[in-house]
>>> print(open('run28.pdb').read())   # PDB, C-alpha atoms, pLDDT in the B column
ATOM      1  CA  MET R   1      47.167  42.427 -10.107  1.00 58.00           C
ATOM      2  CA  THR R   2      48.776  40.576  -7.284  1.00 79.00           C
ATOM      3  CA  PRO R   3      48.600  36.793  -7.021  1.00 81.00           C
ATOM      4  CA  VAL R   4      46.249  37.074  -4.046  1.00 81.00           C
ATOM      5  CA  TRP R   5      43.732  39.031  -6.083  1.00 82.00           C
ATOM      6  CA  ASP R   6      44.135  36.641  -8.997  1.00 83.00           C
ATOM      7  CA  ASP R   7      43.476  33.693  -6.688  1.00 83.00           C
ATOM      8  CA  LEU R   8      40.458  35.460  -5.182  1.00 83.00           C
ATOM      9  CA  LYS R   9      39.120  36.332  -8.618  1.00 83.00           C
ATOM     10  CA  SER R  10      39.632  32.763  -9.834  1.00 85.00           C
ATOM     11  CA  GLY R  11      37.982  31.347  -6.716  1.00 86.00           C
ATOM     12  CA  LEU R  12      34.982  33.652  -7.068  1.00 86.00           C
ATOM     13  CA  LYS R  13      34.553  32.746 -10.743  1.00 87.00           C
ATOM     14  CA  LYS R  14      34.654  29.060  -9.879  1.00 88.00           C
ATOM     15  CA  THR R  15      32.172  29.501  -7.034  1.00 89.00           C
ATOM     16  CA  PHE R  16      29.756  31.511  -9.165  1.00 87.00           C
ATOM     17  CA  HIS R  17      30.035  28.970 -11.974  1.00 86.00           C
ATOM     18  CA  GLN R  18      29.239  26.122  -9.560  1.00 86.00           C
ATOM     19  CA  ALA R  19      26.324  28.091  -8.107  1.00 88.00           C
ATOM     20  CA  LYS R  20      24.999  28.738 -11.615  1.00 87.00           C
ATOM     21  CA  GLU R  21      25.232  25.045 -12.518  1.00 86.00           C
ATOM     22  CA  LYS R  22      23.527  24.010  -9.282  1.00 87.00           C
ATOM     23  CA  GLY R  23      20.792  26.587  -9.860  1.00 89.00           C
ATOM     24  CA  GLU R  24      20.194  25.270 -13.367  1.00 88.00           C
ATOM     25  CA  GLU R  25      20.058  21.716 -12.023  1.00 90.00           C
ATOM     26  CA  LEU R  26      17.609  22.688  -9.296  1.00 90.00           C
ATOM     27  CA  ALA R  27      15.407  24.558 -11.765  1.00 91.00           C
ATOM     28  CA  ALA R  28      15.334  21.622 -14.165  1.00 90.00           C
ATOM     29  CA  THR R  29      14.607  19.064 -11.456  1.00 92.00           C
ATOM     30  CA  ALA R  30      11.979  21.287  -9.813  1.00 93.00           C
ATOM     31  CA  LYS R  31      10.120  21.603 -13.114  1.00 93.00           C
ATOM     32  CA  ILE R  32      10.144  17.834 -13.556  1.00 94.00           C
ATOM     33  CA  LYS R  33       9.048  17.277  -9.948  1.00 94.00           C
ATOM     34  CA  VAL R  34       6.057  19.566 -10.524  1.00 95.00           C
ATOM     35  CA  GLU R  35       5.177  17.502 -13.597  1.00 95.00           C
ATOM     36  CA  ILE R  36       5.432  14.321 -11.515  1.00 95.00           C
ATOM     37  CA  VAL R  37       3.076  15.740  -8.883  1.00 96.00           C
ATOM     38  CA  SER R  38       0.654  16.713 -11.646  1.00 96.00           C
ATOM     39  CA  ASP R  39       0.809  13.196 -13.110  1.00 96.00           C
ATOM     40  CA  LYS R  40       0.200  11.682  -9.672  1.00 96.00           C
ATOM     41  CA  ARG R  41      -2.839  13.896  -9.123  1.00 97.00           C
ATOM     42  CA  GLU R  42      -4.198  12.921 -12.525  1.00 97.00           C
ATOM     43  CA  MET R  43      -3.615   9.275 -11.653  1.00 96.00           C
ATOM     44  CA  GLU R  44      -5.530   9.719  -8.380  1.00 97.00           C
ATOM     45  CA  LYS R  45      -8.494  11.138 -10.317  1.00 96.00           C
ATOM     46  CA  ILE R  46      -8.395   8.186 -12.703  1.00 96.00           C
ATOM     47  CA  TYR R  47      -8.231   5.723  -9.797  1.00 95.00           C
ATOM     48  CA  GLN R  48     -11.253   7.433  -8.288  1.00 96.00           C
ATOM     49  CA  ASN R  49     -13.193   7.272 -11.563  1.00 94.00           C
ATOM     50  CA  LEU R  50     -12.143   3.659 -12.045  1.00 93.00           C
ATOM     51  CA  GLY R  51     -13.401   2.807  -8.574  1.00 92.00           C
ATOM     52  CA  ILE R  52     -16.724   4.504  -9.224  1.00 91.00           C
ATOM     53  CA  GLU R  53     -17.141   2.692 -12.546  1.00 88.00           C
ATOM     54  CA  VAL R  54     -16.278  -0.708 -11.046  1.00 87.00           C
ATOM     55  CA  PHE R  55     -18.622  -0.107  -8.125  1.00 88.00           C
ATOM     56  CA  GLU R  56     -21.473   0.840 -10.463  1.00 86.00           C
ATOM     57  CA  LEU R  57     -20.933  -2.253 -12.606  1.00 83.00           C
ATOM     58  CA  PHE R  58     -20.582  -4.463  -9.562  1.00 81.00           C
ATOM     59  CA  ASN R  59     -23.641  -2.937  -7.928  1.00 81.00           C
ATOM     60  CA  THR R  60     -25.797  -3.445 -11.024  1.00 79.00           C
ATOM     61  CA  SER R  61     -25.041  -7.177 -11.252  1.00 71.00           C
ATOM     62  CA  LYS R  62     -22.765  -6.720 -14.271  1.00 67.00           C
ATOM     63  CA  ARG R  63     -19.820  -8.246 -12.434  1.00 69.00           C
ATOM     64  CA  LYS R  64     -18.727 -10.452 -15.312  1.00 70.00           C
ATOM     65  CA  SER R  65     -18.613  -7.510 -17.697  1.00 73.00           C
ATOM     66  CA  ILE R  66     -16.185  -5.466 -15.595  1.00 76.00           C
ATOM     67  CA  SER R  67     -13.084  -6.780 -17.347  1.00 75.00           C
ATOM     68  CA  LEU R  68     -14.713  -6.344 -20.762  1.00 79.00           C
ATOM     69  CA  ASN R  69     -15.859  -2.770 -20.170  1.00 82.00           C
ATOM     70  CA  PRO R  70     -14.023  -0.406 -22.560  1.00 88.00           C
ATOM     71  CA  GLN R  71     -14.202   2.507 -20.094  1.00 88.00           C
ATOM     72  CA  ILE R  72     -12.428   0.442 -17.450  1.00 88.00           C
ATOM     73  CA  GLN R  73      -9.772  -0.580 -19.949  1.00 89.00           C
ATOM     74  CA  GLN R  74      -9.287   3.096 -20.861  1.00 93.00           C
ATOM     75  CA  TYR R  75      -8.782   3.994 -17.189  1.00 92.00           C
ATOM     76  CA  ILE R  76      -6.258   1.183 -16.824  1.00 92.00           C
ATOM     77  CA  ASP R  77      -4.399   2.256 -19.965  1.00 94.00           C
ATOM     78  CA  ASN R  78      -4.270   5.844 -18.668  1.00 95.00           C
ATOM     79  CA  ILE R  79      -2.899   4.705 -15.313  1.00 94.00           C
ATOM     80  CA  VAL R  80      -0.243   2.560 -16.989  1.00 95.00           C
ATOM     81  CA  GLY R  81       0.739   5.509 -19.202  1.00 96.00           C
ATOM     82  CA  LEU R  82       0.985   7.888 -16.255  1.00 96.00           C
ATOM     83  CA  LYS R  83       3.084   5.402 -14.281  1.00 96.00           C
ATOM     84  CA  LYS R  84       5.465   5.152 -17.238  1.00 96.00           C
ATOM     85  CA  SER R  85       5.566   8.943 -17.532  1.00 96.00           C
ATOM     86  CA  ILE R  86       6.381   9.309 -13.823  1.00 95.00           C
ATOM     87  CA  SER R  87       9.088   6.655 -14.057  1.00 96.00           C
ATOM     88  CA  ASP R  88      10.635   8.391 -17.083  1.00 96.00           C
ATOM     89  CA  LYS R  89      10.597  11.745 -15.294  1.00 95.00           C
ATOM     90  CA  GLU R  90      12.206  10.285 -12.183  1.00 95.00           C
ATOM     91  CA  ALA R  91      14.921   8.783 -14.394  1.00 95.00           C
ATOM     92  CA  GLU R  92      15.394  12.200 -16.030  1.00 93.00           C
ATOM     93  CA  ILE R  93      15.924  13.774 -12.605  1.00 92.00           C
ATOM     94  CA  GLN R  94      18.565  11.147 -11.824  1.00 92.00           C
ATOM     95  CA  ARG R  95      20.235  11.795 -15.182  1.00 91.00           C
ATOM     96  CA  ILE R  96      20.330  15.543 -14.525  1.00 87.00           C
ATOM     97  CA  LYS R  97      21.827  14.974 -11.086  1.00 85.00           C
ATOM     98  CA  SER R  98      24.424  12.542 -12.409  1.00 88.00           C
ATOM     99  CA  ASP R  99      25.410  14.980 -15.184  1.00 83.00           C
ATOM    100  CA  ASN R 100      26.478  17.456 -12.510  1.00 72.00           C
ATOM    101  CA  PRO R 101      28.857  15.409 -10.306  1.00 63.00           C
ATOM    102  CA  ALA R 102      30.575  18.503  -8.873  1.00 53.00           C
ATOM    103  CA  ALA R 103      27.377  19.592  -7.166  1.00 49.00           C
ATOM    104  CA  PRO R 104      26.758  18.185  -3.691  1.00 50.00           C
ATOM    105  CA  ALA R 105      24.028  15.617  -3.283  1.00 49.00           C
ATOM    106  CA  GLU R 106      20.595  16.886  -2.329  1.00 49.00           C
ATOM    107  CA  ASP R 107      20.364  17.195   1.422  1.00 47.00           C
ATOM    108  CA  LYS R 108      17.899  14.821   2.977  1.00 48.00           C
ATOM    109  CA  PRO R 109      16.902  15.197   6.593  1.00 49.00           C
ATOM    110  CA  GLU R 110      18.330  12.457   8.708  1.00 51.00           C
ATOM    111  CA  LYS R 111      15.970  10.230  10.610  1.00 52.00           C
ATOM    112  CA  PRO R 112      16.496  10.500  14.341  1.00 54.00           C
ATOM    113  CA  THR R 113      18.082   7.447  15.875  1.00 53.00           C
ATOM    114  CA  GLN R 114      16.311   5.741  18.704  1.00 52.00           C
ATOM    115  CA  ALA R 115      18.343   5.277  21.856  1.00 43.00           C
TER
END
>>> encode(input="run28.pdb", output="structure tokens")
Amino acid sequence: MTPVWDDLKSGLKKTFHQAKEKGEELAATAKIKVEIVSDKREMEKIYQNLGIEVFELFNTSKRKSISLNPQIQQYIDNIVGLKKSISDKEAEIQRIKSDNPAAPAEDKPEKPTQA
């Protein structure tokens, strides 16, 4: 083959390899982002249940027992665990992105400037 074809072939291989790596990165980060959204929805449900429980205790004149209520402590523990899980997953996304330095950074829409 001529050098032109060799260069073209080499360039195409490199481009396809980069596209494959970027696709794998996007797939991995998308999966983690879906998990994060799921964790956030679960956390919203727990916050809602926590609010209902606190309201019921507060409304029934058991205000002093709110902090001692085991159900409330369970909700708080679940929220803390989900926050940790979300933080770990966000760190994993950053690790995946930093492991692939050849890939361009994720495009973020620019905020319009005010004149």
>>> residues_around(input="run28.pdb", residues="R:Asp88", least_positions_apart="5", cutoff="12 Å", atoms="all atoms listed in the file", output="count of residues only")
11
>>> residues_near_point(input="run28.pdb", point="(-3.4, 7.6, -13.2)", cutoff="8 Å", atoms="all atoms listed in the file", output="number ranges by chain")
R: 39-47, 75-76, 78-83
>>> resolve_selection(input="run28.pdb", expression="the PyMOL selection byres ((chain R and resi 54) around 10)", output="list in words")
Gln48, Asn49, Leu50, Gly51, Ile52, Glu53, Phe55, Glu56, Leu57, Phe58, Asn59, Thr60, Lys62, Arg63, Ser65, Ile66, Ser67, Asn69, Gln71 and Ile72 of chain R
>>> axis_aligned_box(input="run28.pdb", around="stretch 27-39 of chain R", padding_each_side="5 Å", output="lines of an AutoDock Vina configuration file")
center_x = 8.0
center_y = 18.9
center_z = -11.5
size_x = 24.8
size_y = 21.4
size_z = 15.3
>>> atom_distance(input="run28.pdb", atom1="atom CA of R:Glu92", atom2="atom CA of R:Glu24")
14.2 Å
>>> atom_distance(input="run28.pdb", atom1="atom CA of R:Ser98", atom2="atom CA of R:Ala30")
15.4 Å
>>> atom_distance(input="run28.pdb", atom1="atom CA of R:Lys9", atom2="atom CA of R:Ala28")
28.5 Å
>>> residues_around(input="run28.pdb", residues="R:Ile96", least_positions_apart="5", cutoff="9 Å", atoms="all atoms listed in the file", output="list in words")
Glu25, Ala28, Thr29 and Ala91 of chain R
>>> write_last_selection(input="run28.pdb", atoms="C-alpha atoms", output="tab-separated table (two decimals), in the frame of the given file")
chain	number	residue	atom	x	y	z
R	25	GLU	CA	20.06	21.72	-12.02
R	28	ALA	CA	15.33	21.62	-14.16
R	29	THR	CA	14.61	19.06	-11.46
R	91	ALA	CA	14.92	8.78	-14.39
>>> closest_residue(input="run28.pdb", among="R:Lys20, R:Lys84, R:Val4, R:Leu68", to="R:Asn100", atoms="all atoms listed in the file")
R:Lys20
